[in-house]
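Participant: Have a peek at structure14.cif (mmCIF, C-alpha atoms).
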data_structure
#
loop_
_atom_site.label_atom_id
_atom_site.label_comp_id
_atom_site.auth_asym_id
_atom_site.auth_seq_id
_atom_site.Cartn_x
_atom_site.Cartn_y
_atom_site.Cartn_z
CA MET A 1 -7.93 18.46 34.89
CA SER A 2 -7.08 21.59 32.98
CA GLU A 3 -9.56 23.70 31.10
CA HIS A 4 -8.82 24.89 27.62
CA GLU A 5 -10.49 27.59 25.65
CA HIS A 6 -11.60 26.13 22.42
CA ASP A 7 -12.20 28.60 19.66
CA GLY A 8 -14.09 27.15 16.77
CA ASP A 9 -11.28 26.51 14.36
CA HIS A 10 -8.89 24.43 16.52
CA GLY A 11 -6.09 26.55 15.18
CA HIS A 12 -3.98 26.40 18.33
CA HIS A 13 -1.54 23.69 19.26
CA HIS A 14 -2.30 20.80 21.55
CA ASP A 15 1.17 19.56 22.34
CA HIS A 16 0.42 17.64 25.49
CA ASP A 17 -1.90 14.96 26.73
CA HIS A 18 -5.25 16.34 27.73
CA GLY A 19 -6.24 13.76 30.24
CA HIS A 20 -9.87 14.67 29.77
CA GLY A 21 -12.49 13.20 27.56
CA HIS A 22 -12.75 15.70 24.74
CA ASN A 23 -13.32 14.25 21.37
CA HIS A 24 -12.51 16.77 18.69
CA PRO A 25 -12.11 15.04 15.38
CA HIS A 26 -8.38 15.66 15.36
CA ASP A 27 -7.17 15.76 18.94
CA PRO A 28 -3.60 14.61 19.33
CA ILE A 29 -3.46 10.89 19.84
CA GLU A 30 -2.82 9.94 23.44
CA VAL A 31 -0.82 7.00 24.74
CA ALA A 32 -3.39 4.27 25.20
CA ASP A 33 -3.83 2.40 28.45
CA GLY A 34 -1.65 -0.70 28.38
CA ALA A 35 0.39 0.62 25.45
CA GLY A 36 2.98 -1.85 24.25
CA HIS A 37 6.61 -1.18 23.43
CA TYR A 38 6.10 -0.26 19.77
CA GLU A 39 3.26 2.13 20.52
CA LEU A 40 5.38 3.82 23.19
CA MET A 41 8.24 4.07 20.73
CA VAL A 42 6.00 5.81 18.17
CA HIS A 43 4.83 8.35 20.77
CA ALA A 44 8.41 8.89 21.94
CA ILE A 45 9.56 9.55 18.39
CA LYS A 46 6.66 11.90 17.75
CA GLU A 47 7.42 13.94 20.88
CA LEU A 48 11.15 14.08 20.11
CA LEU A 49 10.59 15.13 16.49
CA ILE A 50 8.26 17.93 17.53
CA GLU A 51 10.50 19.09 20.40
CA LYS A 52 13.48 19.17 18.08
CA GLY A 53 11.52 21.16 15.50
CA VAL A 54 11.89 18.53 12.78
CA ILE A 55 8.15 18.41 12.24
CA SER A 56 5.33 20.29 13.94
CA ALA A 57 2.27 19.10 15.80
CA GLU A 58 0.30 20.82 13.06
CA ASP A 59 2.01 18.66 10.42
CA VAL A 60 0.92 15.55 12.29
CA ARG A 61 -2.59 16.88 12.79
CA ARG A 62 -2.89 17.65 9.10
CA SER A 63 -1.67 14.20 8.11
CA LEU A 64 -4.17 12.55 10.45
CA GLU A 65 -6.95 14.72 9.09
CA PHE A 66 -6.09 13.85 5.50
CA MET A 67 -5.92 10.15 6.34
CA ASP A 68 -9.34 10.32 7.98
CA SER A 69 -10.76 11.93 4.86
CA ARG A 70 -9.81 8.91 2.72
CA SER A 71 -12.14 5.94 2.42
CA PRO A 72 -13.49 3.46 -0.13
CA ALA A 73 -16.40 5.85 -0.70
CA LEU A 74 -14.02 7.96 -2.81
CA GLY A 75 -13.15 5.02 -5.02
CA ALA A 76 -16.81 4.08 -5.25
CA LYS A 77 -17.60 7.55 -6.63
CA VAL A 78 -14.87 7.12 -9.25
CA VAL A 79 -16.27 3.75 -10.30
CA ALA A 80 -19.84 5.03 -10.39
CA ARG A 81 -18.82 7.96 -12.54
CA ALA A 82 -17.00 5.64 -14.95
CA TRP A 83 -20.11 3.45 -15.19
CA ALA A 84 -22.35 6.43 -15.87
CA ASP A 85 -20.06 8.45 -18.14
CA PRO A 86 -18.28 6.59 -20.98
CA ALA A 87 -16.02 9.57 -21.77
CA PHE A 88 -14.83 9.69 -18.15
CA LYS A 89 -14.31 5.93 -18.19
CA LYS A 90 -12.04 6.29 -21.22
CA ARG A 91 -10.05 9.05 -19.51
CA LEU A 92 -9.84 6.91 -16.37
CA LEU A 93 -8.43 3.93 -18.24
CA ASP A 94 -6.03 6.12 -20.27
CA ASN A 95 -4.62 8.06 -17.32
CA GLY A 96 -5.94 7.13 -13.91
CA THR A 97 -3.95 9.80 -12.07
CA LYS A 98 -5.32 12.62 -14.18
CA ALA A 99 -8.89 11.31 -14.16
CA VAL A 100 -9.17 10.96 -10.38
CA GLY A 101 -7.46 14.34 -10.18
CA GLU A 102 -10.56 15.74 -11.94
CA MET A 103 -12.52 14.53 -8.92
CA GLY A 104 -10.13 16.18 -6.47
CA ILE A 105 -8.28 13.01 -5.50
CA PRO A 106 -4.49 13.56 -5.31
CA MET A 107 -2.12 10.69 -6.02
CA GLY A 108 1.00 12.25 -4.51
CA ASP A 109 4.14 10.67 -5.88
CA ALA A 110 2.43 7.55 -7.11
CA GLU A 111 0.59 7.08 -10.38
CA LEU A 112 -2.80 5.38 -10.60
CA ILE A 113 -3.49 2.67 -13.15
CA VAL A 114 -7.10 1.58 -13.45
CA VAL A 115 -7.67 -1.93 -14.80
CA GLU A 116 -11.03 -2.93 -16.17
CA ASN A 117 -12.91 -6.14 -15.50
CA THR A 118 -14.80 -7.47 -18.50
CA LYS A 119 -16.64 -10.68 -19.25
CA ASP A 120 -13.25 -12.04 -20.43
CA VAL A 121 -10.86 -10.56 -17.85
CA HIS A 122 -10.81 -10.33 -14.06
CA ASN A 123 -8.17 -8.26 -12.28
CA VAL A 124 -6.83 -8.54 -8.73
CA ILE A 125 -4.26 -6.37 -6.95
CA VAL A 126 -1.51 -7.21 -4.47
CA CYS A 127 1.81 -5.83 -3.30
CA THR A 128 3.90 -8.90 -2.49
CA LEU A 129 6.90 -6.94 -1.26
CA CYS A 130 5.26 -4.62 1.25
CA SER A 131 1.51 -3.73 0.90
CA CYS A 132 1.39 -0.70 -1.38
CA TYR A 133 -2.21 0.35 -1.85
CA PRO A 134 -4.00 3.35 -3.42
CA ARG A 135 -4.58 4.98 -0.02
CA THR A 136 -5.58 8.37 -1.33
CA VAL A 137 -8.43 6.70 -3.24
CA LEU A 138 -9.44 3.88 -0.91
CA GLY A 139 -8.16 4.81 2.56
CA LEU A 140 -6.18 2.39 4.67
CA PRO A 141 -5.84 -1.20 3.41
CA PRO A 142 -7.59 -4.05 5.22
CA ASP A 143 -5.47 -6.30 7.42
CA TRP A 144 -5.83 -9.25 5.06
CA TYR A 145 -4.33 -7.28 2.17
CA LYS A 146 -1.17 -6.73 4.25
CA SER A 147 -1.08 -10.31 5.50
CA ARG A 148 1.64 -12.82 4.72
CA ASN A 149 -0.90 -15.31 3.43
CA TYR A 150 -2.54 -12.98 0.92
CA ARG A 151 0.76 -11.56 -0.33
CA SER A 152 2.22 -15.07 -0.74
CA ARG A 153 -0.71 -16.88 -2.29
CA VAL A 154 -2.65 -14.53 -4.53
CA VAL A 155 0.15 -14.40 -7.11
CA VAL A 156 0.45 -18.18 -7.39
CA GLU A 157 -3.13 -19.41 -6.76
CA PRO A 158 -5.42 -16.43 -7.37
CA ARG A 159 -8.57 -18.45 -8.01
CA ALA A 160 -8.19 -20.36 -4.74
CA VAL A 161 -7.69 -17.09 -2.87
CA LEU A 162 -10.68 -15.45 -4.54
CA LYS A 163 -12.77 -18.49 -3.66
CA GLU A 164 -11.98 -17.83 0.02
CA PHE A 165 -13.52 -14.42 -0.53
CA GLY A 166 -16.59 -16.00 -2.09
CA THR A 167 -15.62 -14.81 -5.56
CA PHE A 168 -15.64 -17.36 -8.32
CA VAL A 169 -13.76 -16.65 -11.57
CA PRO A 170 -14.48 -19.23 -14.27
CA GLU A 171 -11.58 -20.84 -16.18
CA GLU A 172 -12.68 -19.15 -19.43
CA VAL A 173 -12.04 -15.74 -17.85
CA THR A 174 -8.42 -14.59 -17.91
CA LEU A 175 -7.25 -13.74 -14.42
CA ARG A 176 -4.70 -10.91 -14.26
CA VAL A 177 -2.80 -10.42 -11.03
CA HIS A 178 -1.09 -7.05 -10.65
CA ASP A 179 1.85 -6.92 -8.26
CA SER A 180 2.16 -3.28 -7.27
CA ASN A 181 5.90 -3.41 -6.75
CA ALA A 182 7.08 0.05 -7.85
CA ASP A 183 5.56 3.48 -8.33
CA MET A 184 2.17 2.50 -9.71
CA ARG A 185 -0.98 1.99 -7.65
CA TYR A 186 -3.94 0.08 -8.94
CA LEU A 187 -7.71 0.31 -8.85
CA VAL A 188 -9.95 -2.33 -10.35
CA LEU A 189 -12.89 -1.00 -12.34
CA PRO A 190 -15.47 -3.77 -11.82
CA MET A 191 -18.15 -4.59 -14.36
CA ARG A 192 -21.35 -2.66 -13.94
CA PRO A 193 -23.97 -5.09 -12.59
CA ALA A 194 -26.96 -5.93 -14.76
CA GLY A 195 -30.25 -4.22 -13.95
CA THR A 196 -28.69 -0.91 -12.96
CA GLU A 197 -29.88 1.16 -15.91
CA GLY A 198 -31.39 4.41 -14.77
CA LEU A 199 -29.71 4.39 -11.34
CA SER A 200 -28.14 7.66 -10.28
CA GLU A 201 -24.40 7.91 -9.68
CA ASP A 202 -24.98 7.89 -5.92
CA GLU A 203 -27.07 4.74 -6.23
CA LEU A 204 -24.41 3.13 -8.41
CA ALA A 205 -21.69 4.09 -5.90
CA SER A 206 -23.63 2.31 -3.14
CA LEU A 207 -23.13 -0.98 -5.02
CA VAL A 208 -19.33 -0.59 -5.10
CA THR A 209 -17.50 -2.32 -2.25
CA ARG A 210 -13.88 -1.84 -1.28
CA ASP A 211 -13.12 -5.47 -2.15
CA CYS A 212 -14.44 -5.14 -5.69
CA MET A 213 -11.96 -2.32 -6.29
CA ILE A 214 -9.12 -4.57 -5.10
CA GLY A 215 -10.47 -7.48 -7.14
CA THR A 216 -11.23 -9.96 -4.38
CA GLY A 217 -14.92 -9.16 -4.55
CA LEU A 218 -17.65 -8.17 -6.99
CA PRO A 219 -20.07 -5.25 -6.82
CA ILE A 220 -23.37 -5.74 -5.03
CA LYS A 221 -26.16 -6.82 -7.35
CA PRO A 222 -29.11 -4.39 -7.21
CA GLU A 223 -31.66 -7.08 -6.28
CA ARG A 224 -29.45 -8.20 -3.39
CA LYS A 225 -29.17 -4.62 -2.19
CA ALA A 226 -32.92 -4.16 -2.37
CA ALA A 227 -33.39 -7.30 -0.29
CA GLY A 228 -30.91 -5.96 2.26
CA VAL A 229 -28.45 -8.77 1.48
CA ARG A 230 -24.74 -7.87 1.14
CA MET B 231 11.72 -22.19 -18.27
CA THR B 232 14.10 -21.15 -15.46
CA GLU B 233 13.46 -23.26 -12.42
CA LEU B 234 11.58 -21.56 -9.63
CA ASP B 235 13.91 -21.11 -6.65
CA LEU B 236 12.49 -19.02 -3.85
CA SER B 237 15.05 -20.18 -1.28
CA ARG B 238 17.03 -16.96 -1.53
CA ALA B 239 14.00 -14.72 -1.20
CA ARG B 240 14.35 -12.37 1.76
CA ALA B 241 11.71 -12.33 4.47
CA HIS B 242 9.65 -9.55 2.87
CA ASP B 243 9.75 -11.09 -0.62
CA LEU B 244 6.69 -13.23 -0.12
CA GLY B 245 5.29 -13.93 -3.59
CA GLY B 246 4.81 -17.68 -4.05
CA GLN B 247 5.74 -18.76 -0.53
CA ALA B 248 3.63 -21.53 0.98
CA ALA B 249 1.00 -20.03 3.24
CA GLY B 250 -2.33 -20.83 4.82
CA PRO B 251 -5.88 -19.51 4.66
CA ILE B 252 -6.42 -15.78 4.73
CA ASP B 253 -7.84 -14.32 7.91
CA ARG B 254 -10.43 -11.86 6.67
CA ALA B 255 -11.32 -10.42 10.07
CA GLU B 256 -11.31 -6.64 10.02
CA HIS B 257 -9.81 -4.83 12.96
CA GLU B 258 -10.39 -1.25 13.95
CA THR B 259 -7.31 0.80 13.14
CA GLU B 260 -5.74 1.75 16.46
CA PRO B 261 -4.92 5.42 16.97
CA TRP B 262 -1.19 4.74 17.21
CA HIS B 263 -1.29 2.99 13.82
CA LYS B 264 -2.63 6.18 12.33
CA LEU B 265 -0.03 8.14 14.25
CA VAL B 266 2.96 6.24 12.85
CA THR B 267 1.49 6.65 9.36
CA ALA B 268 1.09 10.39 10.03
CA LEU B 269 4.70 10.66 11.22
CA LEU B 270 5.90 9.11 8.00
CA THR B 271 3.79 11.34 5.78
CA SER B 272 4.81 14.41 7.79
CA LEU B 273 8.46 13.52 7.22
CA ARG B 274 7.91 12.85 3.54
CA ASP B 275 5.39 15.40 2.31
CA ARG B 276 7.25 18.64 2.86
CA PRO B 277 9.29 20.99 0.63
CA VAL B 278 12.55 19.39 1.77
CA ARG B 279 11.69 15.71 1.99
CA LEU B 280 13.26 14.22 5.10
CA VAL B 281 12.44 10.57 4.43
CA THR B 282 11.45 8.65 1.29
CA ILE B 283 9.09 5.70 1.12
CA ASP B 284 12.04 3.79 -0.38
CA GLU B 285 14.15 4.40 2.73
CA MET B 286 11.25 3.28 4.87
CA ARG B 287 10.83 0.08 2.89
CA ARG B 288 14.58 -0.59 3.03
CA ALA B 289 14.69 -0.02 6.79
CA ILE B 290 11.89 -2.54 7.27
CA GLU B 291 13.40 -5.07 4.85
CA ASP B 292 16.74 -4.92 6.67
CA MET B 293 15.39 -5.97 10.07
CA PRO B 294 16.34 -9.49 11.17
CA PRO B 295 14.11 -11.96 9.28
CA GLU B 296 12.79 -13.49 12.49
CA ASP B 297 11.61 -10.02 13.58
CA TYR B 298 10.02 -9.41 10.19
CA ARG B 299 8.06 -12.64 10.52
CA ARG B 300 7.08 -12.01 14.14
CA LEU B 301 6.11 -8.33 14.18
CA GLN B 302 2.74 -7.04 13.15
CA TYR B 303 2.44 -4.59 10.28
CA PHE B 304 2.55 -1.33 12.26
CA GLU B 305 5.14 -2.68 14.67
CA LYS B 306 7.34 -3.05 11.60
CA TRP B 307 6.62 0.58 10.72
CA ALA B 308 7.59 1.63 14.24
CA VAL B 309 10.93 -0.14 13.80
CA GLY B 310 11.40 1.39 10.35
CA VAL B 311 10.75 4.94 11.51
CA SER B 312 13.00 4.58 14.55
CA THR B 313 15.83 3.13 12.44
CA LEU B 314 15.61 6.04 10.02
CA MET B 315 15.35 8.74 12.70
CA VAL B 316 18.54 7.50 14.32
CA GLU B 317 20.28 6.89 10.99
CA LYS B 318 19.57 10.44 9.88
CA GLY B 319 20.76 11.90 13.15
CA PHE B 320 17.44 13.40 14.21
CA MET B 321 17.72 11.63 17.56
CA THR B 322 19.74 8.94 19.26
CA ARG B 323 18.66 5.45 20.22
CA GLU B 324 19.29 6.46 23.87
CA GLU B 325 16.96 9.46 23.59
CA ILE B 326 14.21 7.26 22.25
CA GLU B 327 14.67 4.65 24.95
CA ARG B 328 14.73 7.30 27.66
CA ARG B 329 11.50 8.83 26.40
CA VAL B 330 9.88 5.39 26.08
CA LYS B 331 10.69 4.76 29.76
CA GLU B 332 9.17 8.12 30.74
CA LEU B 333 6.01 7.44 28.74
CA ALA B 334 5.76 3.94 30.17
CA ALA B 335 5.96 5.37 33.69
CA ARG B 336 3.14 7.81 32.90
CA ALA B 337 0.94 5.35 31.02
CA LYS B 338 -1.83 3.62 32.87
CA PRO B 339 -2.14 -0.14 32.69
CA LYS B 340 -4.97 -1.49 30.58
CA ALA B 341 -8.21 -1.55 32.59
CA ASN B 342 -9.67 -5.00 33.32
CA SER B 343 -13.06 -5.07 31.63
CA MET C 344 7.62 8.77 -24.19
CA SER C 345 10.26 6.33 -25.34
CA GLY C 346 12.79 3.99 -23.80
CA ARG C 347 14.87 1.03 -24.80
CA PHE C 348 11.75 -1.12 -25.12
CA LYS C 349 8.30 -0.56 -26.53
CA PRO C 350 4.92 -2.21 -25.89
CA GLY C 351 4.83 -5.71 -27.30
CA ASP C 352 8.58 -6.32 -27.03
CA ARG C 353 9.64 -9.66 -25.53
CA VAL C 354 11.93 -9.07 -22.58
CA ARG C 355 13.59 -11.10 -19.86
CA ILE C 356 13.95 -9.96 -16.27
CA ILE C 357 17.59 -10.40 -15.29
CA ALA C 358 18.20 -13.46 -13.11
CA ALA C 359 20.46 -11.71 -10.62
CA ASN C 360 20.40 -11.70 -6.84
CA PRO C 361 22.21 -8.53 -5.77
CA PRO C 362 22.04 -7.54 -2.10
CA GLY C 363 20.24 -4.40 -1.02
CA HIS C 364 16.89 -2.84 -1.74
CA ARG C 365 15.50 -4.26 -4.97
CA ARG C 366 11.90 -4.11 -6.09
CA VAL C 367 12.00 -7.23 -8.26
CA PRO C 368 10.31 -10.17 -6.53
CA THR C 369 12.36 -13.37 -6.62
CA TYR C 370 9.56 -15.23 -8.42
CA ALA C 371 9.96 -12.85 -11.38
CA ARG C 372 13.73 -13.01 -11.79
CA GLY C 373 14.84 -14.77 -14.93
CA ARG C 374 11.30 -14.75 -16.33
CA ALA C 375 10.42 -13.72 -19.88
CA GLY C 376 7.42 -11.60 -20.64
CA THR C 377 6.05 -8.83 -22.83
CA ILE C 378 6.14 -5.08 -22.35
CA GLU C 379 2.54 -4.09 -21.59
CA ARG C 380 3.20 -0.34 -21.35
CA LEU C 381 5.76 2.30 -20.50
CA CYS C 382 4.90 3.80 -17.10
CA GLY C 383 7.20 6.80 -17.31
CA GLU C 384 10.52 7.75 -15.86
CA PHE C 385 11.16 7.75 -12.12
CA ALA C 386 14.15 8.16 -9.82
CA ASN C 387 15.76 4.80 -9.07
CA PRO C 388 14.29 3.38 -5.84
CA GLU C 389 17.42 1.27 -5.32
CA GLU C 390 19.34 4.50 -4.74
CA LEU C 391 16.57 6.50 -3.05
CA ALA C 392 16.49 3.76 -0.44
CA TYR C 393 19.94 4.85 0.74
CA GLY C 394 19.37 8.60 0.68
CA PHE C 395 20.71 9.28 -2.81
CA ASP C 396 18.66 11.28 -5.29
CA GLY C 397 18.23 8.31 -7.60
CA LEU C 398 18.94 10.41 -10.69
CA PRO C 399 19.03 10.20 -13.62
CA LYS C 400 15.47 8.92 -13.81
CA ARG C 401 14.96 5.50 -15.37
CA MET C 402 12.14 4.16 -17.48
CA LEU C 403 9.68 1.95 -15.65
CA TYR C 404 7.78 -0.70 -17.63
CA ARG C 405 4.84 -2.95 -16.88
CA VAL C 406 5.83 -6.46 -17.86
CA ARG C 407 3.18 -9.07 -18.54
CA ILE C 408 4.14 -12.66 -17.82
CA LYS C 409 2.12 -15.83 -18.31
CA GLN C 410 1.47 -17.51 -14.98
CA THR C 411 2.44 -20.85 -16.52
CA ASP C 412 5.87 -19.34 -17.27
CA ILE C 413 6.44 -18.60 -13.58
CA TRP C 414 4.95 -21.41 -11.50
CA PRO C 415 5.75 -25.04 -12.37
CA ASP C 416 2.40 -26.37 -11.12
CA TYR C 417 0.15 -23.43 -11.87
CA LYS C 418 -3.46 -24.45 -11.28
CA GLY C 419 -5.48 -22.09 -13.35
CA SER C 420 -6.11 -21.08 -16.92
CA ALA C 421 -3.17 -21.13 -19.34
CA LYS C 422 -4.29 -17.62 -20.27
CA ASP C 423 -3.79 -16.21 -16.77
CA LEU C 424 -1.30 -13.40 -16.39
CA LEU C 425 0.86 -11.73 -13.79
CA GLU C 426 1.85 -8.11 -14.40
CA LEU C 427 4.41 -6.12 -12.51
CA GLU C 428 6.60 -3.04 -12.82
CA ILE C 429 10.25 -3.41 -13.78
CA TYR C 430 12.89 -0.76 -14.34
CA GLU C 431 14.82 -0.74 -17.60
CA HIS C 432 18.11 -1.80 -16.03
CA TRP C 433 16.54 -5.08 -14.91
CA LEU C 434 15.46 -5.97 -18.45
CA GLU C 435 17.18 -7.46 -21.44
CA PRO C 436 15.73 -8.48 -24.81
CA ALA C 437 14.36 -12.03 -24.76
#
Write the structure described by the file as C-alpha cells, please.

Facilitator:
Amino acid sequence: MSEHEHDGDHGHHHDHDHGHGHNHPHDPIEVADGAGHYELMVHAIKELLIEKGVISAEDVRRSLEFMDSRSPALGAKVVARAWADPAFKKRLLDNGTKAVGEMGIPMGDAELIVVENTKDVHNVIVCTLCSCYPRTVLGLPPDWYKSRNYRSRVVVEPRAVLKEFGTFVPEEVTLRVHDSNADMRYLVLPMRPAGTEGLSEDELASLVTRDCMIGTGLPIKPERKAAGVR
Amino acid sequence: MTELDLSRARAHDLGGQAAGPIDRAEHETEPWHKLVTALLTSLRDRPVRLVTIDEMRRAIEDMPPEDYRRLQYFEKWAVGVSTLMVEKGFMTREEIERRVKELAARAKPKANS
Amino acid sequence: MSGRFKPGDRVRIIAANPPGHRRVPTYARGRAGTIERLCGEFANPEELAYGFDGLPKRMLYRVRIKQTDIWPDYKGSAKDLLELEIYEHWLEPA
C-alpha cells in the first residue's frame, strides 16, 4: 500500500487506484469488485480520455462534486420560499430559471418552468423519451422516474399511476401531465398544507418531499410530521 | 381525431405503451453511475463543448431496440458515451476493449458475503 | 418574443414519421392543441444530435392538448391535459 501526503485542500491529482481505504468526499471512483462489462467500459473510457488529454481528472472530480451537492433539499428550499414569500412565488412562476438563480441554483442549458398545484389543478412531470429531470434542483432522479412503466403509463393513465404512489386526485381536479421532451425542465410547486401558518422557511422545507415536486406525491401534513408519520 | 397508432414508435418513444405496475424501490446510486454522468458533463460543460446532450440521446436511441429494452439506464449511458467517443475519434473501439480487458484482469471478483 | 404562433392559437403537430432524432413523441403526432406559451428560441436538437450547430435557432412552444384528444379510451376527467414542447417547424395552424 502506498502512502500519500494529503494536504488539506485535495488540490493534487489522484490518477490511479489507491487500493487503500481512504474516504475523502471526492476520491476517484475505483473499479468495484465484481464490476460488470458496462462498468468496466466506463472506467476504460475515463482512463483513455484523461490519458489522451481530452478531459482532466480534475474535470471529473469537479463534476462528481457538483453532482453530490445536488439534492431534493434544494428544491424544498425553493418551494418553502415560494410558500412564505408571495413576491418570490410570482417571480418563480413567471421565470423559474431566474428565480432559482436568485438562490444560487444554476440551470445550465435548460430552462426551468415551475407549475403550480391549486385546488383545481394537479401537475405531474415525466420525460417519456429519455428521463430528463431538473437535476440541478433535485439531484439525481429516482429509478422509477426513469423506468419504462412510469414513462409509458403516466401520460395515458396518470390517476392510476398516482394511485400507486398513494396520491389520489379527484375527478373535479384537472390533471396536467408535462412531458419534458425538449429544453425545459419542470418543478411542481405543491399547495402549502393547511395548519402551517407561522412555520419558518426551514420548517416548511421539511414538509416538502422529492415526490411532491415531481407531482407523484403531496407535501407532508404538519400533524403527520409531528406524529412522526411520513 | 387521428387514430392512435404507436406501432411505429421506436424503442425509446414510450408514451402510451402498455406497461405494468411501477417498481418504486429506491436503489443506492452506484459509484460508476455517477462516474458515467460525470464523464458526460465533463465532455459537455467546457468552453469548447465536445459532446451535446442531443448527441448522447441520439446515440442511445440508435442502439438496437432489443438492447434498449434489455439494458439498464446507466448501461445505456455507457453504450451512448462509448459510441460517441469512437464516433468523434477520441479513441477506437479496439482501445476501449483492450483497456476493458486490462481492467477486468486487475479487478477482484465480488466477495461472497 | 414572437414567433409564427402566439399563446391561445390552435395548432396541429405534423403527422410525419421522419427517421432520425426527433423529440416529438409518436402519441402527439397529428394531434391538435393550443399554444400555452412561447419558451424561447433554441438551436435545433435534430441537428445538434448529429454534431451540427443547429442554427438558426427555432422557436420552441409549449402545446396544451386535451387528453381525450390523444387517447381513445382515456379514463380520467375530460378536463385533463397533456403539455409538451414542440418546435415551430413541427406545427401548422389547426

Participant: Can you spell out as a CSV table (one decimal) with C-alpha atoms, in the coordinates of the input the set of residues that the PyMOL selection byres ((chain C) within 8 of (chain B)) selects in the structure I just provided?

Facilitator:
chain,number,residue,atom,x,y,z
C,363,GLY,CA,20.2,-4.4,-1.0
C,364,HIS,CA,16.9,-2.8,-1.7
C,368,PRO,CA,10.3,-10.2,-6.5
C,369,THR,CA,12.4,-13.4,-6.6
C,370,TYR,CA,9.6,-15.2,-8.4
C,373,GLY,CA,14.8,-14.8,-14.9
C,374,ARG,CA,11.3,-14.8,-16.3
C,388,PRO,CA,14.3,3.4,-5.8
C,389,GLU,CA,17.4,1.3,-5.3
C,391,LEU,CA,16.6,6.5,-3.0
C,392,ALA,CA,16.5,3.8,-0.4
C,393,TYR,CA,19.9,4.8,0.7
C,394,GLY,CA,19.4,8.6,0.7
C,412,ASP,CA,5.9,-19.3,-17.3
C,413,ILE,CA,6.4,-18.6,-13.6
C,414,TRP,CA,5.0,-21.4,-11.5
C,415,PRO,CA,5.8,-25.0,-12.4

Participant: Report the closest atom pair, with its distance in Å rounded to one decimal, for each residue of chain A that has an atom no farther than 6 Å from chain B; count all atoms listed in the file, sort by chain and then rising residue number, and write it as a tab-separated table.

Facilitator:
residue	atom	partner	partner_atom	distance
A:Asp33	CA	B:Lys340	CA	4.6
A:Gly34	CA	B:Lys340	CA	4.1
A:Tyr38	CA	B:Glu305	CA	5.7
A:Leu40	CA	B:Val330	CA	5.6
A:Met41	CA	B:Val330	CA	5.7
A:Val42	CA	B:Ala308	CA	6.0
A:Ala44	CA	B:Arg329	CA	5.4
A:Asp59	CA	B:Ser272	CA	5.7
A:Val60	CA	B:Ala268	CA	5.6
A:Ser63	CA	B:Ala268	CA	5.1
A:Leu64	CA	B:Ala268	CA	5.7
A:Thr128	CA	B:Gly245	CA	5.3
A:Leu129	CA	B:Asp243	CA	5.1
A:Trp144	CA	B:Arg254	CA	5.5
A:Asn149	CA	B:Ala249	CA	5.1
A:Ser152	CA	B:Gly245	CA	4.3
A:Arg153	CA	B:Gly246	CA	5.8
A:Val156	CA	B:Gly246	CA	5.5

Participant: Suppose you want the space between atom CA of A:Tyr186 and atom CA of A:Val115; what is it in Å?

Facilitator: 7.2 Å

Participant: Env of C:Pro399: 9 Å cut, atoms = all atoms listed in the file, seq-sep filter 5 positions within chain, self excluded. Answer as a ChimeraX atom specification.

Facilitator: /C:385-387

Participant: Those selected residues, please, written with C-alpha atoms and delivered as a PDB file, in the coordinates of the input.

Facilitator:
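And here's part_13.pdb as it stands now:
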ATOM      1  CA  PHE C 385      11.160   7.750 -12.120  1.00  0.00           C
ATOM      2  CA  ALA C 386      14.150   8.160  -9.820  1.00  0.00           C
ATOM      3  CA  ASN C 387      15.760   4.800  -9.070  1.00  0.00           C
TER       4      ASN C 387
END

Participant: Please evaluate the PyMOL selection byres ((chain C) within 7 of (chain A)) against the displayed coordinates and give the resulting residues as a ChimeraX atom specification.

Facilitator: /C:366,414,417-420,422-428

Participant: Which residues are close to stretch 65-70 of chain A, i.e. within 7 Å by only C-alpha atoms, leaving aside same-chain residues fewer than 5 positions away? Reply as a PyMOL selection string.

Facilitator: chain A and resi 26+136-139

Participant: Atom CA of A:Pro28 and atom CA of A:His43, how far apart in Å?

Facilitator: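 So the answer is 10.6 Å.
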
Participant: What would stretch 211-218 of chain A look like with N, CA, C and O atoms in place, written as a compact mmCIF listing (two decimals), in the frame of the given file?

Facilitator:
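Generated output (rebuild06.txt):
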# COMPACT_ATOMS: atom_id res chain seq x y z
N ASP A 211 -13.73 -4.25 -1.62
CA ASP A 211 -13.12 -5.47 -2.15
C ASP A 211 -13.27 -5.59 -3.66
O ASP A 211 -12.40 -6.19 -4.31
N CYS A 212 -14.32 -5.03 -4.24
CA CYS A 212 -14.44 -5.14 -5.69
C CYS A 212 -13.49 -4.21 -6.41
O CYS A 212 -13.19 -4.41 -7.59
N MET A 213 -12.96 -3.21 -5.69
CA MET A 213 -11.96 -2.32 -6.29
C MET A 213 -10.54 -2.85 -6.09
O MET A 213 -9.60 -2.34 -6.69
N ILE A 214 -10.40 -3.88 -5.25
CA ILE A 214 -9.12 -4.57 -5.10
C ILE A 214 -9.12 -5.80 -6.02
O ILE A 214 -8.07 -6.27 -6.47
N GLY A 215 -10.31 -6.33 -6.24
CA GLY A 215 -10.47 -7.48 -7.14
C GLY A 215 -10.81 -8.77 -6.43
O GLY A 215 -11.05 -9.79 -7.07
N THR A 216 -10.87 -8.74 -5.11
CA THR A 216 -11.23 -9.96 -4.38
C THR A 216 -12.73 -10.13 -4.28
O THR A 216 -13.21 -11.19 -3.89
N GLY A 217 -13.47 -9.08 -4.62
CA GLY A 217 -14.92 -9.16 -4.55
C GLY A 217 -15.55 -8.66 -5.82
O GLY A 217 -14.87 -8.27 -6.78
N LEU A 218 -16.88 -8.68 -5.86
CA LEU A 218 -17.65 -8.17 -6.99
C LEU A 218 -18.63 -7.14 -6.45
O LEU A 218 -18.98 -7.16 -5.27
